[in-house]
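Here's the structure we're looking at; comments come further down.
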Number of protein chains: 2
Amino acid sequence: MATEPPETDEKSLEKLANGDRRALARAITMVESTRKEHRAAANALISRLHRTGPPAMRIGLSGTPGVGKSTFIEALGCLLADRGLKVAVLAVDPSSERSGGAILGDKTRMPRLARHPNAFVRPSPSQTALGGVARRTRAVIELCEGVGYDVILVETVGVGQSETMVADMTDIFMLLLAPAGGDELQGIKRGIMEIADLVVVNKADGDLAQQAMRTAADYAGALRLLRRSAHVPEGFPKALTMSALEETGVADVWDEVAALWTWRQETGVLATTRQNQARLAFRKAFEAGLAEAILSDPAHADAAARSEAEVVSGQASPDGAALALLAEVLGVGKSR
Amino acid sequence: MATEPPETDEKSLEKLANGDRRALARAITMVESTRKEHRAAANALISRLHRTGPPAMRIGLSGTPGVGKSTFIEALGCLLADRGLKVAVLAVDPSSERSGGAILGDKTRMPRLARHPNAFVRPSPSQTALGGVARRTRAVIELCEGVGYDVILVETVGVGQSETMVADMTDIFMLLLAPAGGDELQGIKRGIMEIADLVVVNKADGDLAQQAMRTAADYAGALRLLRRSAHVPEGFPKALTMSALEETGVADVWDEVAALWTWRQETGVLATTRQNQARLAFRKAFEAGLAEAILSDPAHADAAARSEAEVVSGQASPDGAALALLAEVLGVGKSR
């Protein structure tokens, strides 16, 4: 993706504050840039945006390909945008790294929403490292929130650690499923049940309606086996059915999301969660950045690679090798 | 815990290699010491231990208080020790920090096993930080493996992140449950289902036998809803019943553990998992140690605290604050 030349801060800021979507797209490109000075400029921009009113609702959404994520986001997004809410759609797509392009990031898959004056649909970035994707997606969320979007939908496919990453930067996490019978139920990824606030079974229409209800009931049963966290009210996590195609149940899903979000805001869970998320993201970014800076010295990078190889081959213990490497790169004498 | 004066490396090494349990206890105390030079000496010791034969079986075990963990470990440990296997029992007890002592680490709760010539029962350490506990428990596992223990049982109570930490340093993870009816089933902590290879329902004796079977069946059903990971063979994760008190089913539980462990060893899953665990532990220890070293400068620590406060209060974005802090502590000029 070619980076357009950055404008002056003042001009960008004014355009962003006025809801200019081209300026937003340009700012996001800067956030996602591999060039440090672009990212620094974008960070400076974000720090100067001052949102008024309540925080945006940051909603994470996951589901395997074919489950109807795009159709659902288009239906839900248009519903909210028609109600006058400003809706931003972002994607964390870890597979884009391998495929060399953004498989999720096709605007044409949400044609109606992408054209809606209240909506902003961002193609997913193709990044080199999943950690980088997550860190930057967080900044993109902050950017969208800063310029006044009310609802920020962050979608991901169920690959590797991407759900946990998205859950760590959103307020509410939703899992989209397709109706499935008996044995097919194994399709849900281990780990996802633990972070889902809502399990939504799509395609509850036509011949699949009954099966969707059964699937939702199965998952409702499984969710009851888990201890309820202090971060949800009675009745959550919840399993629901919906048809994105026929647009039935979409408003009901939103009502549940909104009710949970309001509960979390009123109880202070939202504020606490966001504080913890921000603290953790800050510490991770600092620790990772520190290691990156130290290892930008080729001699240190070589030493680290040697240490890691020894650890992986079992010749050295992780803790011992880390201590020795620290002594080496920090130029401190080893104890004993 | 008073630290005995460290012996010379040669003498300690000889005693450790000869299976001296007092020497092992002393070496563990050094690993767990808050003094850096003790830990460095312990690491040096660990690096000089050379295990012959197959790797030890590192088994993680979790369960809430009252579920019968001690009784089970005593029964299983004695069974294995009687078969001639050398068994070490370790505990990660995050609550000891608050209670000021080791609630799990009472040798008297496993009187028979603690006296067995083939067993070593280590009281849990009382540490200051959970991260510290985990890092040091990993080194203790390596120590026990290095001196020739065949089975290393690492137990934890289900508090906070301790299960994930234990799962990240063991080969197989077991969850112990008590029989429960209907509504009580919510007792299982979110997050644990995804890491358990075996769910074992204890107290399958007397009046509770039927209930234990039902509980195991319920969890077997829930486990089937999760997609099977590539790290377990057909049929796993599994839910079983057992009575630690009557010592029925204990050998069967072990057979399942051993079968899974052997499968993982033969397929190479064990080696790959250990390599990944070691790599991750090394990177975490290095990144954390680097941050710790940099922040040992009081001026840097102040700057970091200020940055974090800005992030938590929402005045600064995590990524931006981290970049700015990095520029400050590394003495680099900020871009732009």
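The chains in the structure tokens are called A, B, ... from first to last as shown; in each chain the residues are counted from 1, and the ligands are counted from 1 in the order shown.
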Using only C-alpha atoms, which residues sit within 8 Å of Val154 in chain A once same-chain residues fewer than 5 positions away are excluded, as a PyMOL selection string?
chain A and resi 58-61+89-92+166+170
Can you list, as a list in words, all residues belonging to range 32-117 of chain A that DSSP tags as strand (DSSP E or B)?
Met57, Arg58, Ile59, Gly60, Leu61, Ser62, Val87, Ala88, Val89, Leu90, Ala91 and Val92 of chain A
Selected residues, all heavy atoms, written as a PDB file, in the first residue's frame, please.
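Wrote it out as again-v5.pdb, contents follow:
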```pdb
ATOM      1  N   MET A  57     -18.080   2.121  21.764  1.00  0.00           N
ATOM      2  CA  MET A  57     -18.257   0.714  22.112  1.00  0.00           C
ATOM      3  C   MET A  57     -17.314  -0.082  21.226  1.00  0.00           C
ATOM      4  O   MET A  57     -17.483  -0.119  20.008  1.00  0.00           O
ATOM      5  CB  MET A  57     -19.711   0.303  21.890  1.00  0.00           C
ATOM      6  CG  MET A  57     -20.673   1.130  22.752  1.00  0.00           C
ATOM      7  SD  MET A  57     -22.404   0.949  22.271  1.00  0.00           S
ATOM      8  CE  MET A  57     -22.777  -0.658  22.962  1.00  0.00           C
ATOM      9  N   ARG A  58     -16.341  -0.707  21.841  1.00  0.00           N
ATOM     10  CA  ARG A  58     -15.360  -1.498  21.086  1.00  0.00           C
ATOM     11  C   ARG A  58     -15.786  -2.958  21.125  1.00  0.00           C
ATOM     12  O   ARG A  58     -15.734  -3.593  22.170  1.00  0.00           O
ATOM     13  CB  ARG A  58     -13.975  -1.359  21.715  1.00  0.00           C
ATOM     14  CG  ARG A  58     -13.465   0.065  21.825  1.00  0.00           C
ATOM     15  CD  ARG A  58     -12.160   0.109  22.600  1.00  0.00           C
ATOM     16  NE  ARG A  58     -11.619   1.458  22.697  1.00  0.00           N
ATOM     17  CZ  ARG A  58     -10.514   1.775  23.374  1.00  0.00           C
ATOM     18  NH1 ARG A  58      -9.845   0.822  24.027  1.00  0.00           N
ATOM     19  NH2 ARG A  58     -10.081   3.012  23.424  1.00  0.00           N
ATOM     20  N   ILE A  59     -16.212  -3.480  19.974  1.00  0.00           N
ATOM     21  CA  ILE A  59     -16.771  -4.831  19.927  1.00  0.00           C
ATOM     22  C   ILE A  59     -15.872  -5.748  19.097  1.00  0.00           C
ATOM     23  O   ILE A  59     -15.619  -5.465  17.927  1.00  0.00           O
ATOM     24  CB  ILE A  59     -18.181  -4.817  19.291  1.00  0.00           C
ATOM     25  CG1 ILE A  59     -19.037  -3.666  19.843  1.00  0.00           C
ATOM     26  CG2 ILE A  59     -18.863  -6.171  19.480  1.00  0.00           C
ATOM     27  CD1 ILE A  59     -19.404  -3.769  21.290  1.00  0.00           C
ATOM     28  N   GLY A  60     -15.405  -6.826  19.699  1.00  0.00           N
ATOM     29  CA  GLY A  60     -14.632  -7.820  18.972  1.00  0.00           C
ATOM     30  C   GLY A  60     -15.551  -8.897  18.425  1.00  0.00           C
ATOM     31  O   GLY A  60     -16.549  -9.250  19.049  1.00  0.00           O
ATOM     32  N   LEU A  61     -15.231  -9.412  17.259  1.00  0.00           N
ATOM     33  CA  LEU A  61     -16.095 -10.390  16.596  1.00  0.00           C
ATOM     34  C   LEU A  61     -15.228 -11.429  15.909  1.00  0.00           C
ATOM     35  O   LEU A  61     -14.347 -11.087  15.118  1.00  0.00           O
ATOM     36  CB  LEU A  61     -16.953  -9.650  15.555  1.00  0.00           C
ATOM     37  CG  LEU A  61     -17.898 -10.490  14.724  1.00  0.00           C
ATOM     38  CD1 LEU A  61     -19.123 -10.869  15.543  1.00  0.00           C
ATOM     39  CD2 LEU A  61     -18.324  -9.711  13.484  1.00  0.00           C
ATOM     40  N   SER A  62     -15.482 -12.691  16.196  1.00  0.00           N
ATOM     41  CA  SER A  62     -14.701 -13.747  15.570  1.00  0.00           C
ATOM     42  C   SER A  62     -15.600 -14.811  14.975  1.00  0.00           C
ATOM     43  O   SER A  62     -16.731 -15.007  15.417  1.00  0.00           O
ATOM     44  CB  SER A  62     -13.773 -14.389  16.608  1.00  0.00           C
ATOM     45  OG  SER A  62     -13.091 -15.475  16.027  1.00  0.00           O
ATOM     46  N   VAL A  87     -20.257   4.178  12.722  1.00  0.00           N
ATOM     47  CA  VAL A  87     -19.744   2.808  12.847  1.00  0.00           C
ATOM     48  C   VAL A  87     -18.433   2.633  12.069  1.00  0.00           C
ATOM     49  O   VAL A  87     -18.375   2.950  10.887  1.00  0.00           O
ATOM     50  CB  VAL A  87     -20.783   1.796  12.297  1.00  0.00           C
ATOM     51  CG1 VAL A  87     -20.259   0.376  12.404  1.00  0.00           C
ATOM     52  CG2 VAL A  87     -22.111   1.947  13.016  1.00  0.00           C
ATOM     53  N   ALA A  88     -17.414   2.137  12.761  1.00  0.00           N
ATOM     54  CA  ALA A  88     -16.158   1.818  12.084  1.00  0.00           C
ATOM     55  C   ALA A  88     -15.947   0.307  12.112  1.00  0.00           C
ATOM     56  O   ALA A  88     -16.216  -0.340  13.127  1.00  0.00           O
ATOM     57  CB  ALA A  88     -14.996   2.518  12.773  1.00  0.00           C
ATOM     58  N   VAL A  89     -15.489  -0.247  11.001  1.00  0.00           N
ATOM     59  CA  VAL A  89     -15.219  -1.686  10.922  1.00  0.00           C
ATOM     60  C   VAL A  89     -13.735  -1.895  10.631  1.00  0.00           C
ATOM     61  O   VAL A  89     -13.216  -1.408   9.627  1.00  0.00           O
ATOM     62  CB  VAL A  89     -16.068  -2.356   9.817  1.00  0.00           C
ATOM     63  CG1 VAL A  89     -15.746  -3.850   9.742  1.00  0.00           C
ATOM     64  CG2 VAL A  89     -17.549  -2.143  10.071  1.00  0.00           C
ATOM     65  N   LEU A  90     -13.064  -2.600  11.530  1.00  0.00           N
ATOM     66  CA  LEU A  90     -11.642  -2.901  11.362  1.00  0.00           C
ATOM     67  C   LEU A  90     -11.475  -4.405  11.335  1.00  0.00           C
ATOM     68  O   LEU A  90     -12.336  -5.141  11.789  1.00  0.00           O
ATOM     69  CB  LEU A  90     -10.838  -2.329  12.535  1.00  0.00           C
ATOM     70  CG  LEU A  90     -11.093  -0.862  12.896  1.00  0.00           C
ATOM     71  CD1 LEU A  90     -10.365  -0.504  14.177  1.00  0.00           C
ATOM     72  CD2 LEU A  90     -10.667   0.038  11.757  1.00  0.00           C
ATOM     73  N   ALA A  91     -10.341  -4.864  10.814  1.00  0.00           N
ATOM     74  CA  ALA A  91     -10.101  -6.308  10.771  1.00  0.00           C
ATOM     75  C   ALA A  91      -8.676  -6.627  11.191  1.00  0.00           C
ATOM     76  O   ALA A  91      -7.747  -5.932  10.810  1.00  0.00           O
ATOM     77  CB  ALA A  91     -10.359  -6.840   9.366  1.00  0.00           C
ATOM     78  N   VAL A  92      -8.545  -7.659  12.010  1.00  0.00           N
ATOM     79  CA  VAL A  92      -7.229  -8.202  12.328  1.00  0.00           C
ATOM     80  C   VAL A  92      -7.143  -9.520  11.590  1.00  0.00           C
ATOM     81  O   VAL A  92      -7.896 -10.446  11.874  1.00  0.00           O
ATOM     82  CB  VAL A  92      -7.046  -8.424  13.843  1.00  0.00           C
ATOM     83  CG1 VAL A  92      -5.758  -9.198  14.111  1.00  0.00           C
ATOM     84  CG2 VAL A  92      -7.021  -7.103  14.575  1.00  0.00           C
TER      85      VAL A  92
END
```
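The protein and nucleic acid residues lying at most 9 Å from Leu326 in chain B are A:Phe286, A:Gly289, A:Leu290, A:Ala293, B:Val332, with only C-alpha atoms considered and sequence neighbours fewer than 6 positions away removed.
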Just the selected residues (N, CA and C atoms), exported as a tab-separated table (two decimals), in the first residue's frame, please.
```
chain	number	residue	atom	x	y	z
A	286	PHE	N	6.54	-1.45	25.68
A	286	PHE	CA	7.81	-0.98	26.22
A	286	PHE	C	8.85	-2.11	26.26
A	289	GLY	N	9.78	-3.14	22.74
A	289	GLY	CA	10.56	-2.08	22.11
A	289	GLY	C	11.98	-2.01	22.65
A	290	LEU	N	12.11	-2.27	23.93
A	290	LEU	CA	13.42	-2.27	24.58
A	290	LEU	C	14.28	-3.40	23.99
A	293	ALA	N	15.27	-2.57	20.51
A	293	ALA	CA	16.32	-1.55	20.44
A	293	ALA	C	17.69	-2.15	20.78
B	332	VAL	N	17.67	8.40	23.15
B	332	VAL	CA	17.60	8.68	21.72
B	332	VAL	C	16.68	9.88	21.50
```
For Cys144 in chain B, work out the shell of residues within 12 Å, counting only C-alpha atoms and skipping chain neighbours fewer than 3 positions away, then give it as a VMD selection string.
chain B and resid 16 to 17 19 to 21 23 to 25 27 to 28 31 45 to 46 49 to 51 55 to 58 86 to 90 119 to 122 137 to 141 147 to 154
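The list of residues with at least one atom within 10 Å of Thr248 in chain B, based on only C-alpha atoms and without residues fewer than 5 positions apart in the same chain, reads B:Ala75, B:Asn202, B:Lys203, B:Ala204, B:Asp205, B:Thr241, B:Met242, B:Ser243, B:Val253.
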Generate a file of the selected residues that holds N, CA and C atoms, formatted as a CSV table (one decimal), in the first residue's frame.
```csv
chain,number,residue,atom,x,y,z
B,75,ALA,N,-1.8,-40.6,46.8
B,75,ALA,CA,-2.1,-41.9,46.3
B,75,ALA,C,-1.3,-42.2,45.0
B,202,ASN,N,-12.9,-36.5,41.2
B,202,ASN,CA,-12.5,-37.3,42.4
B,202,ASN,C,-13.7,-37.6,43.2
B,203,LYS,N,-13.5,-38.3,44.3
B,203,LYS,CA,-14.6,-38.7,45.3
B,203,LYS,C,-15.7,-39.5,44.6
B,204,ALA,N,-15.3,-40.3,43.6
B,204,ALA,CA,-16.2,-41.3,43.0
B,204,ALA,C,-16.3,-42.5,44.0
B,205,ASP,N,-16.8,-42.2,45.2
B,205,ASP,CA,-17.0,-43.3,46.1
B,205,ASP,C,-18.3,-43.1,46.9
B,241,THR,N,-13.4,-40.6,36.2
B,241,THR,CA,-13.7,-40.6,37.6
B,241,THR,C,-12.6,-41.4,38.4
B,242,MET,N,-12.6,-41.1,39.7
B,242,MET,CA,-11.5,-41.7,40.5
B,242,MET,C,-11.8,-41.4,41.9
B,243,SER,N,-11.4,-42.3,42.8
B,243,SER,CA,-11.5,-42.1,44.2
B,243,SER,C,-10.1,-42.1,44.9
B,253,VAL,N,-6.1,-43.5,35.9
B,253,VAL,CA,-5.8,-42.1,35.6
B,253,VAL,C,-4.3,-42.1,35.1
```
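Note that the spacing between CA of Val200 in chain B and CA of Leu85 in chain B amounts to 22.2 Å.
Here CA of Thr64 in chain A stands at a distance of 19.3 Å from CA of Arg214 in chain A.
Using only C-alpha atoms for every distance, the candidate list A:Trp261, A:Tyr219, A:Phe236, A:Trp254 yields A:Tyr219 as the residue closest to chain B.
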I need the residues of range 144-325 of chain B that end up classed as alpha helix (DSSP H) by DSSP on the backbone, written out as a PyMOL selection string.
chain B and resi 144-146+162-167+209-224+250-267+269-294+298-312+318-325
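One finds CA of Ser162 in chain B at 19.7 Å from CA of Ala178 in chain B.
For the residues B:Gly314, B:Gly53, B:Gly68, B:Gly331, ranking by smallest atom-to-atom distance to chain A using only C-alpha atoms places B:Gly314 first.
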